[in-house]
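**Student:** Sharing input32.tsv (TSV, C-alpha atoms) below.
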```tsv
chain	number	residue	atom	x	y	z
H	143	MET	CA	103.86	71.77	115.06
H	144	SER	CA	103.52	68.16	113.93
H	145	GLU	CA	102.71	69.26	110.38
H	146	ASN	CA	105.25	66.93	108.86
H	147	ASN	CA	103.97	63.89	110.71
H	148	ARG	CA	100.48	63.91	109.27
H	149	GLY	CA	99.72	61.67	106.33
H	150	THR	CA	97.63	64.16	104.43
H	151	SER	CA	97.38	67.66	105.74
H	152	ARG	CA	94.95	70.34	104.72
H	153	ARG	CA	97.91	72.51	103.79
H	154	GLY	CA	99.46	69.70	101.76
H	155	LEU	CA	96.32	69.47	99.69
H	156	PHE	CA	96.29	73.22	99.19
H	157	ARG	CA	99.91	73.17	98.12
H	158	ALA	CA	99.41	70.39	95.61
H	159	ALA	CA	96.25	71.98	94.27
H	160	GLY	CA	97.79	75.39	93.99
H	161	GLY	CA	100.92	74.20	92.28
H	162	LEU	CA	102.98	75.36	95.21
H	163	ALA	CA	104.54	71.99	95.76
H	164	ALA	CA	108.03	73.17	94.94
H	165	LEU	CA	109.88	73.18	98.22
H	166	PRO	CA	113.24	74.82	98.75
H	167	ILE	CA	116.20	72.60	99.13
H	168	ALA	CA	117.28	72.62	102.74
H	169	ALA	CA	120.98	72.16	102.83
H	170	ARG	CA	123.99	73.19	104.77
H	171	ALA	CA	124.95	76.64	103.62
H	172	GLY	CA	128.09	77.37	101.79
H	173	SER	CA	129.41	80.90	101.73
H	174	LEU	CA	126.96	83.67	100.87
H	175	PRO	CA	127.04	84.89	97.30
H	176	ALA	CA	128.94	88.14	97.02
H	177	PRO	CA	126.67	91.16	96.54
H	178	THR	CA	126.74	92.23	92.94
H	179	VAL	CA	126.93	95.82	91.82
H	180	GLU	CA	124.07	95.33	89.39
H	181	GLY	CA	121.84	93.87	92.08
H	182	ASP	CA	119.30	91.10	92.14
H	183	ALA	CA	116.17	91.39	90.04
H	184	GLY	CA	113.57	88.69	90.03
H	185	LEU	CA	114.96	85.64	91.77
H	186	ALA	CA	117.75	85.89	94.31
H	187	GLU	CA	119.56	82.91	95.76
H	188	PHE	CA	120.54	83.16	99.38
H	189	VAL	CA	120.58	81.36	102.72
H	190	LEU	CA	118.02	81.90	105.45
H	191	ASN	CA	119.05	80.71	108.91
H	192	VAL	CA	115.88	79.71	110.71
H	193	ASN	CA	115.81	78.05	114.13
H	194	GLY	CA	119.46	77.10	113.83
H	195	ARG	CA	119.12	75.50	110.42
H	196	ASP	CA	120.26	76.91	107.09
H	197	HIS	CA	117.83	76.92	104.19
H	198	ARG	CA	119.15	77.73	100.73
H	199	VAL	CA	116.32	79.42	98.90
H	200	ALA	CA	115.72	81.06	95.55
H	201	LEU	CA	113.08	83.71	96.04
H	202	ASP	CA	111.67	86.72	94.27
H	203	VAL	CA	113.38	89.66	95.98
H	204	ARG	CA	109.92	91.00	96.86
H	205	THR	CA	109.26	88.05	99.18
H	206	THR	CA	108.80	89.06	102.79
H	207	LEU	CA	110.38	86.99	105.54
H	208	LEU	CA	106.86	85.98	106.61
H	209	ASP	CA	105.99	84.62	103.16
H	210	ALA	CA	109.39	82.93	102.90
H	211	LEU	CA	108.79	81.15	106.21
H	212	ARG	CA	105.21	80.16	105.50
H	213	GLU	CA	105.11	79.49	101.78
H	214	HIS	CA	108.64	78.34	101.00
H	215	ILE	CA	110.22	76.86	104.13
H	216	GLY	CA	106.99	75.37	105.44
H	217	LEU	CA	107.04	76.99	108.88
H	218	VAL	CA	103.46	78.19	109.17
H	219	GLY	CA	103.51	79.05	112.88
H	220	SER	CA	104.11	82.73	112.19
H	221	LYS	CA	100.78	84.18	111.14
H	222	LYS	CA	99.73	86.76	108.59
H	223	GLY	CA	97.20	89.11	110.12
H	224	CYS	CA	97.30	92.61	108.70
H	225	ASP	CA	100.49	92.22	106.61
H	226	HIS	CA	101.19	95.89	107.37
H	227	GLY	CA	103.02	95.81	110.70
H	228	GLN	CA	100.11	96.71	112.90
H	229	CYS	CA	98.88	93.43	114.46
H	230	GLY	CA	102.05	91.59	115.54
H	231	ALA	CA	100.84	88.12	114.48
H	232	CYS	CA	103.99	87.68	112.36
H	233	THR	CA	106.44	88.50	115.18
H	234	VAL	CA	109.72	86.57	115.04
H	235	HIS	CA	113.17	87.13	116.53
H	236	ILE	CA	116.08	88.22	114.38
H	237	ASP	CA	119.38	88.11	116.22
H	238	GLY	CA	117.36	87.90	119.43
H	239	GLN	CA	115.29	91.01	118.76
H	240	ARG	CA	111.53	90.82	118.18
H	241	VAL	CA	110.61	92.17	114.77
H	242	LEU	CA	107.77	91.97	112.27
H	243	SER	CA	108.44	89.44	109.53
H	244	CYS	CA	105.75	90.94	107.27
H	245	LEU	CA	107.72	94.19	106.94
H	246	THR	CA	111.06	92.45	106.46
H	247	LEU	CA	112.37	91.42	103.06
H	248	ALA	CA	113.72	87.88	103.27
H	249	VAL	CA	116.68	88.80	101.05
H	250	ALA	CA	117.64	91.57	103.48
H	251	VAL	CA	118.10	89.19	106.44
H	252	GLN	CA	120.06	86.52	104.61
H	253	GLY	CA	122.41	84.73	106.97
H	254	GLU	CA	121.01	86.36	110.10
H	255	PRO	CA	119.67	84.08	112.84
H	256	VAL	CA	115.85	83.99	112.68
H	257	LYS	CA	113.85	82.30	115.41
H	258	THR	CA	110.18	81.44	114.99
H	259	ILE	CA	107.61	79.90	117.29
H	260	GLU	CA	108.63	76.49	115.93
H	261	GLY	CA	112.12	76.99	117.36
H	262	LEU	CA	111.05	77.98	120.85
H	263	ALA	CA	110.52	74.57	122.44
H	264	ALA	CA	113.51	72.48	123.50
H	265	PRO	CA	114.82	69.88	121.04
H	266	ASP	CA	113.17	67.15	123.13
H	267	GLY	CA	109.82	68.86	122.70
H	268	ALA	CA	109.61	70.38	126.19
H	269	LEU	CA	107.69	73.62	125.88
H	270	HIS	CA	109.26	76.98	126.61
H	271	PRO	CA	107.98	78.38	129.93
H	272	MET	CA	106.07	81.05	127.97
H	273	GLN	CA	104.29	78.45	125.85
H	274	GLN	CA	103.37	76.47	128.97
H	275	ALA	CA	102.18	79.62	130.74
H	276	PHE	CA	99.84	80.51	127.88
H	277	ILE	CA	98.34	77.00	128.17
H	278	ASP	CA	98.17	77.12	131.97
H	279	HIS	CA	96.34	80.45	131.97
H	280	ASP	CA	94.31	79.97	128.81
H	281	GLY	CA	95.99	82.99	127.26
H	282	PHE	CA	94.17	82.68	123.96
H	283	GLN	CA	90.82	81.89	122.45
H	284	CYS	CA	91.01	81.41	118.70
H	285	GLY	CA	94.80	81.18	118.87
H	286	TYR	CA	95.61	83.07	115.69
H	287	CYS	CA	97.62	85.81	117.41
H	288	THR	CA	99.23	83.38	119.88
H	289	PRO	CA	102.52	82.60	118.11
H	290	GLY	CA	103.17	86.33	117.74
H	291	GLN	CA	102.08	86.98	121.31
H	292	ILE	CA	104.44	84.31	122.64
H	293	MET	CA	107.44	85.43	120.57
H	294	SER	CA	106.81	89.00	121.64
H	295	ALA	CA	106.32	88.00	125.27
H	296	VAL	CA	109.60	86.06	125.41
H	297	ALA	CA	111.44	89.13	124.10
H	298	CYS	CA	109.47	91.40	126.42
H	299	VAL	CA	110.72	89.46	129.48
H	300	ARG	CA	114.31	89.34	128.20
H	301	GLU	CA	114.27	93.09	127.56
H	302	GLY	CA	113.26	93.64	131.19
H	303	HIS	CA	109.95	95.21	130.15
H	304	ALA	CA	107.75	92.78	132.06
H	305	THR	CA	108.34	94.00	135.60
H	306	THR	CA	104.86	95.43	136.20
H	307	ASP	CA	101.40	94.80	134.75
H	308	ALA	CA	101.42	98.29	133.24
H	309	ASP	CA	104.80	97.64	131.63
H	310	ILE	CA	103.62	94.34	130.19
H	311	ARG	CA	100.54	96.01	128.69
H	312	GLU	CA	102.60	98.85	127.24
H	313	PHE	CA	105.38	96.70	125.80
H	314	MET	CA	102.97	94.06	124.47
H	315	SER	CA	100.86	96.70	122.73
H	316	GLY	CA	102.25	95.67	119.34
H	317	ASN	CA	100.35	92.38	119.50
H	318	LEU	CA	96.64	92.63	118.97
H	319	CYS	CA	94.21	89.94	120.16
H	320	ARG	CA	90.85	90.18	118.51
H	321	CYS	CA	89.39	87.81	121.12
H	322	ALA	CA	90.63	90.18	123.84
H	323	ALA	CA	92.42	87.57	125.94
H	324	TYR	CA	94.63	90.34	127.27
H	325	PRO	CA	94.12	89.81	131.05
H	326	LYS	CA	95.09	86.15	130.73
H	327	ILE	CA	98.04	87.00	128.51
H	328	VAL	CA	99.35	89.38	131.19
H	329	THR	CA	98.93	86.66	133.84
H	330	ALA	CA	100.71	84.12	131.64
H	331	ILE	CA	103.64	86.46	131.04
H	332	LYS	CA	104.04	87.02	134.78
H	333	GLN	CA	104.21	83.28	135.43
H	334	ALA	CA	106.74	82.73	132.64
H	335	ARG	CA	108.78	85.73	133.80
H	336	GLU	CA	109.36	84.09	137.19
H	337	GLN	CA	110.46	80.85	135.56
H	338	MET	CA	112.65	82.55	132.96
H	339	GLU	CA	114.36	84.67	135.59
H	340	HIS	CA	115.10	81.64	137.77
H	341	ALA	CA	116.10	79.39	134.89
D	129	MET	CA	104.41	94.97	95.22
D	130	ARG	CA	106.00	95.96	91.89
D	131	PRO	CA	109.18	94.21	90.76
D	132	PHE	CA	112.44	95.92	91.66
D	133	THR	CA	116.16	95.33	91.66
D	134	TYR	CA	117.65	94.74	95.10
D	135	ASN	CA	121.10	96.04	96.02
D	136	ARG	CA	123.07	95.77	99.24
D	137	ALA	CA	125.27	98.83	99.66
D	138	VAL	CA	128.64	97.76	100.97
D	139	ASP	CA	129.86	101.29	101.70
D	140	LEU	CA	128.75	104.92	101.61
D	141	ALA	CA	130.26	105.56	98.19
D	142	GLN	CA	128.32	102.72	96.64
D	143	ALA	CA	125.09	103.80	98.37
D	144	ALA	CA	125.58	107.33	97.05
D	145	ARG	CA	126.34	106.14	93.56
D	146	LEU	CA	123.30	103.85	93.47
D	147	GLY	CA	121.17	106.64	94.91
D	148	GLN	CA	122.04	109.18	92.26
D	149	GLN	CA	118.76	108.51	90.51
D	150	THR	CA	116.66	109.49	93.52
D	151	GLY	CA	116.05	112.94	92.08
D	152	GLN	CA	114.13	115.17	94.43
D	153	GLY	CA	112.98	112.32	96.65
D	154	GLN	CA	109.41	112.36	95.36
D	155	THR	CA	107.23	109.30	95.59
D	156	ASP	CA	107.91	108.43	91.97
D	157	ALA	CA	111.68	108.34	92.53
D	158	PRO	CA	113.09	105.24	90.82
D	159	VAL	CA	115.47	104.48	93.70
D	160	GLN	CA	114.55	104.08	97.36
D	161	PHE	CA	116.83	103.30	100.30
D	162	LEU	CA	115.91	100.43	102.60
D	163	ALA	CA	116.88	100.61	106.28
D	164	GLY	CA	114.33	99.47	108.88
D	165	GLY	CA	111.78	98.97	106.13
D	166	THR	CA	108.78	99.61	108.37
D	167	SER	CA	107.57	102.47	106.20
D	168	LEU	CA	109.09	101.58	102.82
D	169	ILE	CA	107.85	97.98	102.59
D	170	ASP	CA	104.44	99.07	103.84
D	171	LEU	CA	104.13	101.80	101.20
D	172	MET	CA	105.43	99.49	98.47
D	173	LYS	CA	102.73	96.95	99.36
D	174	LEU	CA	100.19	99.76	99.09
D	175	ASP	CA	101.54	100.70	95.66
D	176	VAL	CA	102.30	104.21	96.89
D	177	LEU	CA	106.02	103.74	96.32
D	178	THR	CA	107.05	101.82	93.19
D	179	PRO	CA	110.85	102.01	93.01
D	180	GLU	CA	112.75	100.26	90.23
D	181	ARG	CA	115.68	99.79	92.57
D	182	VAL	CA	115.86	99.27	96.33
D	183	VAL	CA	119.23	99.98	97.91
D	184	ASP	CA	119.60	98.17	101.24
D	185	ILE	CA	121.80	100.36	103.44
D	186	THR	CA	121.63	98.21	106.58
D	187	PRO	CA	125.17	96.87	105.93
D	188	LEU	CA	126.36	100.40	106.77
D	189	ARG	CA	125.08	100.18	110.34
D	190	ALA	CA	128.46	99.21	111.77
D	191	ASN	CA	129.59	102.82	111.33
D	192	HIS	CA	126.29	104.69	111.27
D	193	ALA	CA	124.24	103.36	114.17
D	194	THR	CA	126.21	104.94	117.00
D	195	VAL	CA	125.01	107.19	119.82
D	196	GLN	CA	127.62	109.69	120.99
D	197	ALA	CA	126.99	111.99	123.91
D	198	GLY	CA	129.58	114.65	124.67
D	199	HIS	CA	129.98	118.25	125.83
D	200	ASP	CA	128.95	119.55	122.44
D	201	GLY	CA	125.69	117.66	122.41
D	202	LEU	CA	124.26	114.40	121.21
D	203	ARG	CA	125.09	112.76	117.91
D	204	LEU	CA	122.69	110.05	116.73
D	205	GLY	CA	123.58	107.70	113.89
D	206	ALA	CA	120.98	107.63	111.11
D	207	LEU	CA	120.87	103.83	111.24
D	208	ALA	CA	120.47	103.66	115.05
D	209	LYS	CA	117.28	101.82	115.99
D	210	MET	CA	114.55	103.68	117.85
D	211	ALA	CA	114.58	101.08	120.64
D	212	ALA	CA	118.35	101.31	121.09
D	213	VAL	CA	118.33	105.10	121.38
D	214	ALA	CA	115.30	105.08	123.69
D	215	ALA	CA	117.17	102.72	126.05
D	216	HIS	CA	120.57	104.44	125.85
D	217	PRO	CA	121.65	105.37	129.41
D	218	THR	CA	122.82	108.91	128.54
D	219	VAL	CA	119.80	109.64	126.38
D	220	LEU	CA	117.57	108.50	129.25
D	221	THR	CA	119.26	110.72	131.83
D	222	ASP	CA	120.29	113.79	129.80
D	223	TYR	CA	117.79	113.82	126.92
D	224	PRO	CA	114.57	112.41	128.42
D	225	VAL	CA	112.36	114.14	125.85
D	226	ILE	CA	114.08	112.24	123.03
D	227	ALA	CA	113.94	108.97	125.00
D	228	GLN	CA	110.23	109.39	125.74
D	229	SER	CA	109.30	110.51	122.23
D	230	LEU	CA	110.80	107.25	120.97
D	231	GLN	CA	109.44	105.03	123.77
D	232	PHE	CA	105.87	106.14	123.17
D	233	ALA	CA	106.00	105.69	119.40
D	234	ALA	CA	104.71	102.69	117.46
D	235	SER	CA	105.26	99.27	119.08
D	236	ALA	CA	108.21	97.40	120.55
D	237	GLN	CA	108.66	95.40	117.34
D	238	LEU	CA	108.58	98.48	115.13
D	239	ARG	CA	111.00	100.32	117.43
D	240	ASN	CA	113.41	97.38	117.11
D	241	MET	CA	113.29	97.74	113.33
D	242	ALA	CA	112.88	101.42	112.56
D	243	THR	CA	115.92	103.67	112.32
D	244	LEU	CA	116.20	107.31	113.36
D	245	GLY	CA	117.02	108.41	109.82
D	246	GLY	CA	113.90	106.72	108.55
D	247	ASN	CA	111.84	108.10	111.39
D	248	VAL	CA	112.79	111.65	110.51
D	249	LEU	CA	112.41	111.11	106.75
D	250	GLN	CA	109.30	108.92	106.72
D	251	ARG	CA	106.35	109.81	104.53
D	252	THR	CA	103.16	111.27	105.87
D	253	ARG	CA	100.63	108.95	107.45
D	254	CYS	CA	97.72	110.77	105.78
D	255	THR	CA	95.23	108.08	104.78
D	256	TYR	CA	94.65	109.75	101.39
D	257	PHE	CA	98.37	109.62	100.69
D	258	ARG	CA	98.44	105.91	101.59
D	259	ASP	CA	95.54	105.03	99.28
D	260	PRO	CA	96.38	105.55	95.57
D	261	SER	CA	92.72	105.07	94.62
D	262	TRP	CA	92.39	108.71	95.67
D	263	SER	CA	93.85	110.57	92.71
D	264	ALA	CA	94.10	113.91	94.47
D	265	CYS	CA	97.17	114.06	96.69
D	266	ASN	CA	99.77	116.74	96.25
D	267	LYS	CA	102.33	114.68	98.14
D	268	ARG	CA	101.90	111.68	95.86
D	269	ASN	CA	101.27	113.59	92.66
D	270	PRO	CA	102.19	117.28	92.90
D	271	GLY	CA	99.51	119.53	91.44
D	272	SER	CA	96.72	116.96	91.76
D	273	GLY	CA	95.07	118.61	94.76
D	274	CYS	CA	94.29	117.44	98.30
D	275	ALA	CA	91.50	114.99	99.04
D	276	ALA	CA	91.91	115.43	102.77
D	277	ILE	CA	90.91	119.09	102.99
D	278	ALA	CA	87.29	118.37	102.13
D	279	GLY	CA	87.50	114.73	103.21
D	280	ILE	CA	87.76	112.94	106.52
D	281	ASN	CA	90.29	115.23	108.09
D	282	ARG	CA	90.18	114.41	111.78
D	283	ASN	CA	93.69	114.10	113.23
D	284	HIS	CA	95.13	116.14	110.42
D	285	ALA	CA	97.18	119.26	111.03
D	286	VAL	CA	95.61	122.31	112.64
D	287	LEU	CA	98.59	124.63	112.49
D	288	GLY	CA	100.93	125.36	109.64
D	289	VAL	CA	98.60	124.17	106.90
D	290	ASP	CA	97.85	125.71	103.53
D	291	ALA	CA	95.47	125.06	100.66
D	292	SER	CA	97.65	122.33	99.16
D	293	CYS	CA	98.13	119.88	102.06
D	294	ILE	CA	96.92	119.43	105.64
D	295	SER	CA	98.94	116.34	106.55
D	296	GLN	CA	100.91	116.19	109.77
D	297	TYR	CA	104.59	115.61	110.01
D	298	PRO	CA	104.82	111.95	111.11
D	299	GLY	CA	108.26	111.81	112.76
D	300	ASP	CA	108.48	111.15	116.49
D	301	LEU	CA	111.59	112.86	117.78
D	302	ALA	CA	112.13	115.83	115.50
D	303	TRP	CA	110.44	118.60	113.60
D	304	PRO	CA	111.14	119.25	109.94
```
For the file at hand, write its structure as C-alpha cells.

**Tutor:**
Amino acid sequence: MSENNRGTSRRGLFRAAGGLAALPIAARAGSLPAPTVEGDAGLAEFVLNVNGRDHRVALDVRTTLLDALREHIGLVGSKKGCDHGQCGACTVHIDGQRVLSCLTLAVAVQGEPVKTIEGLAAPDGALHPMQQAFIDHDGFQCGYCTPGQIMSAVACVREGHATTDADIREFMSGNLCRCAAYPKIVTAIKQAREQMEHA
Amino acid sequence: MRPFTYNRAVDLAQAARLGQQTGQGQTDAPVQFLAGGTSLIDLMKLDVLTPERVVDITPLRANHATVQAGHDGLRLGALAKMAAVAAHPTVLTDYPVIAQSLQFAASAQLRNMATLGGNVLQRTRCTYFRDPSWSACNKRNPGSGCAAIAGINRNHAVLGVDASCISQYPGDLAWP
C-alpha cells in the first residue's frame, strides 16, 4: 500500500516500459456529463469515486472497473484472477455492496461510491479489524486472493452472514484460495466479527 | 472485447427505442441490454456476444427493482437483485422455494450484481456455447449443429432434449 512512497517500483518500470505512463488526472469532480442519445463509443469521460476521492478519467467504454482501478488509477490492491467472475480476487464494494469489479464496466458505475482494499484502513493507517485478523491468524499464504477475501469478509459480517462457521463458509464461497487457507480465513473472520460488532 | 457504443437509458421509452435493433434476441443481435452484467460482460469477453451497442438499463432500477407481495401473488421487478429478493422478509416466509433457489445460486458477489430479469433470460452455460472455437453450436449459430451431443456432455440435459441442442436452462428461480 506504500506504492507511491518507493523511489523506483517494479510496477513503475513496467509502466514506463510499456508506454502506460499516462495517468488520469485526479481532480475534484464537476457535474457528470449528461448522457447523450447517441452514446459513447471509444473513449468516455466520466468520474469514478474511489475510496472517497473523485477521479476524472477518460477510458475506453470497454474498460472494466478492475482494469480502471489497476491500470489507470493506480490502485493495484484489487487482483485479477480469472477475470470471469469466478474467483473473487477482484471483489470491491460499490455503495457498500460486495461486487466483482472484473464483471463491472467502469463507465456503468460512474459517480457511485467504490471502496477497495486500499480504502479499508483508517486515514491514520490503523488497519481494519478484518485486515488485522487475517494477519493475526495467518489467513493467507501467497496473498493473491487476500484483498478480495478481506473485502468480501467485511461485507459478509455486515450482511449478518458470519454468525456460524457454516454460514461463513457458504457466504465466502465466492472467494477462492488456491493455497487453501480456508480454515484460518474462517477463524480470522470470527475474530473480526466480534470486534466489528462491538465497535 | 469488441468495440461498442455505450448508452445509459434514462427511461423505458428510450430503452425500447434503443433496443429496436435487437431482432429476435439471437447472439448476433447488434444491441444488448446491460443490467447486472454478470453474464453479458463475461460472454463479451469470450467473444460469444459482440454487440455494436450496449444499452445500460440500470438507471431504470428506481421503478423496476421492487418486490411486491399481495393477495394476488408476488410481483418481482426485473431489475431486482438476486440477493435482495432472497433476503426479502415476505419472500423468505411465503415463497421459500424462490428464496432458496436464489440463495443457493452463484456467489454472494454475483447475487449482489445479478438481476432477476437477467437470471431468467441468461444464455446457456453450455461450455461449447461459451467457446466460439467450436463452430458447431445451434444456439450461437443456428443450423451449425451441436458439438455437445457427441462431445463432453456430462451435466447436460437429460430430459426435454432433441437432436439440435442438449443444453440445460441456466436460470435459478424459473423455468422457461

**Student:** For H:Asn193, find every residue with an atom within 7 Å (counting only C-alpha atoms), except residues of its own chain fewer than 4 positions away, and show them as a list of chain:residue names.

**Tutor:**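 Listed by chain and then number, they are H:Val256, H:Lys257, H:Thr258, H:Gly261.
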
**Student:** Mind pulling up the distance from atom CA of H:Cys224 to atom CA of D:Met210?

**Tutor:**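 If I compute the distance from atom CA of D:Met210 to atom CA of H:Cys224, I get 22.4 Å.
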
**Student:** For chain H, which of D:Ala206, D:Ala137, D:Val213, D:Leu220 is the closest residue, counting all atoms listed in the file?

**Tutor:**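 Of all the options, D:Ala137 lies closest to chain H.
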
**Student:** Chain D residues within 9 Å of chain H, counting all atoms listed in the file: which ones, as a ChimeraX atom specification?

**Tutor:** /D:129-138,142,146,164-170,173,181,183-184,186,232,234-241

**Student:** Contacts of D:Leu202 at 9 Å or less, counting only C-alpha atoms, minus same-chain residues fewer than 4 places along, as a PyMOL selection string?

**Tutor:** chain D and resi 195-198+219+223

**Student:** Would you mind exporting C-alpha atoms of the selected residues as a PDB file, in the coordinates of the input?

**Tutor:**
```pdb
ATOM      1  CA  VAL D 195     125.010 107.190 119.820  1.00  0.00           C
ATOM      2  CA  GLN D 196     127.620 109.690 120.990  1.00  0.00           C
ATOM      3  CA  ALA D 197     126.990 111.990 123.910  1.00  0.00           C
ATOM      4  CA  GLY D 198     129.580 114.650 124.670  1.00  0.00           C
ATOM      5  CA  VAL D 219     119.800 109.640 126.380  1.00  0.00           C
ATOM      6  CA  TYR D 223     117.790 113.820 126.920  1.00  0.00           C
TER       7      TYR D 223
END
```

**Student:** Can you measure atom CA of D:Ala285 to atom CA of D:Ala242 for me? One decimal in Å is fine.

**Tutor:**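 Going from atom CA of D:Ala285 over to atom CA of D:Ala242, I get 23.8 Å.
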
**Student:** Find the residues around H:Leu190 up to 6 Å (only C-alpha atoms counted), leave out those fewer than 3 positions away in its own chain, and share them as a PyMOL selection string.

**Tutor:** chain H and resi 196-197+252-253

**Student:** Rounded to one decimal in Å, what is the spacing between atom CA of H:Ile277 and atom CA of H:Leu262?

**Tutor:**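 Result for atom CA of H:Ile277 versus atom CA of H:Leu262: 14.7 Å, one decimal.
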
**Student:** Quick one: 8 Å padding each side, axis-aligned, all listed atoms of stretch 312-322 of chain H - centre and edge lengths in Å to one decimal, as lines of an AutoDock Vina configuration file?

**Tutor:**
```
center_x = 97.4
center_y = 93.3
center_z = 122.9
size_x = 32.0
size_y = 27.0
size_z = 24.7
```

**Student:** Write out as a ChimeraX atom specification which residues come within 12 Å of stretch 281-283 of chain H when counting only C-alpha atoms, dropping same-chain ones fewer than 6 positions away.

**Tutor:** /H:272-275,289-292,295,318-333
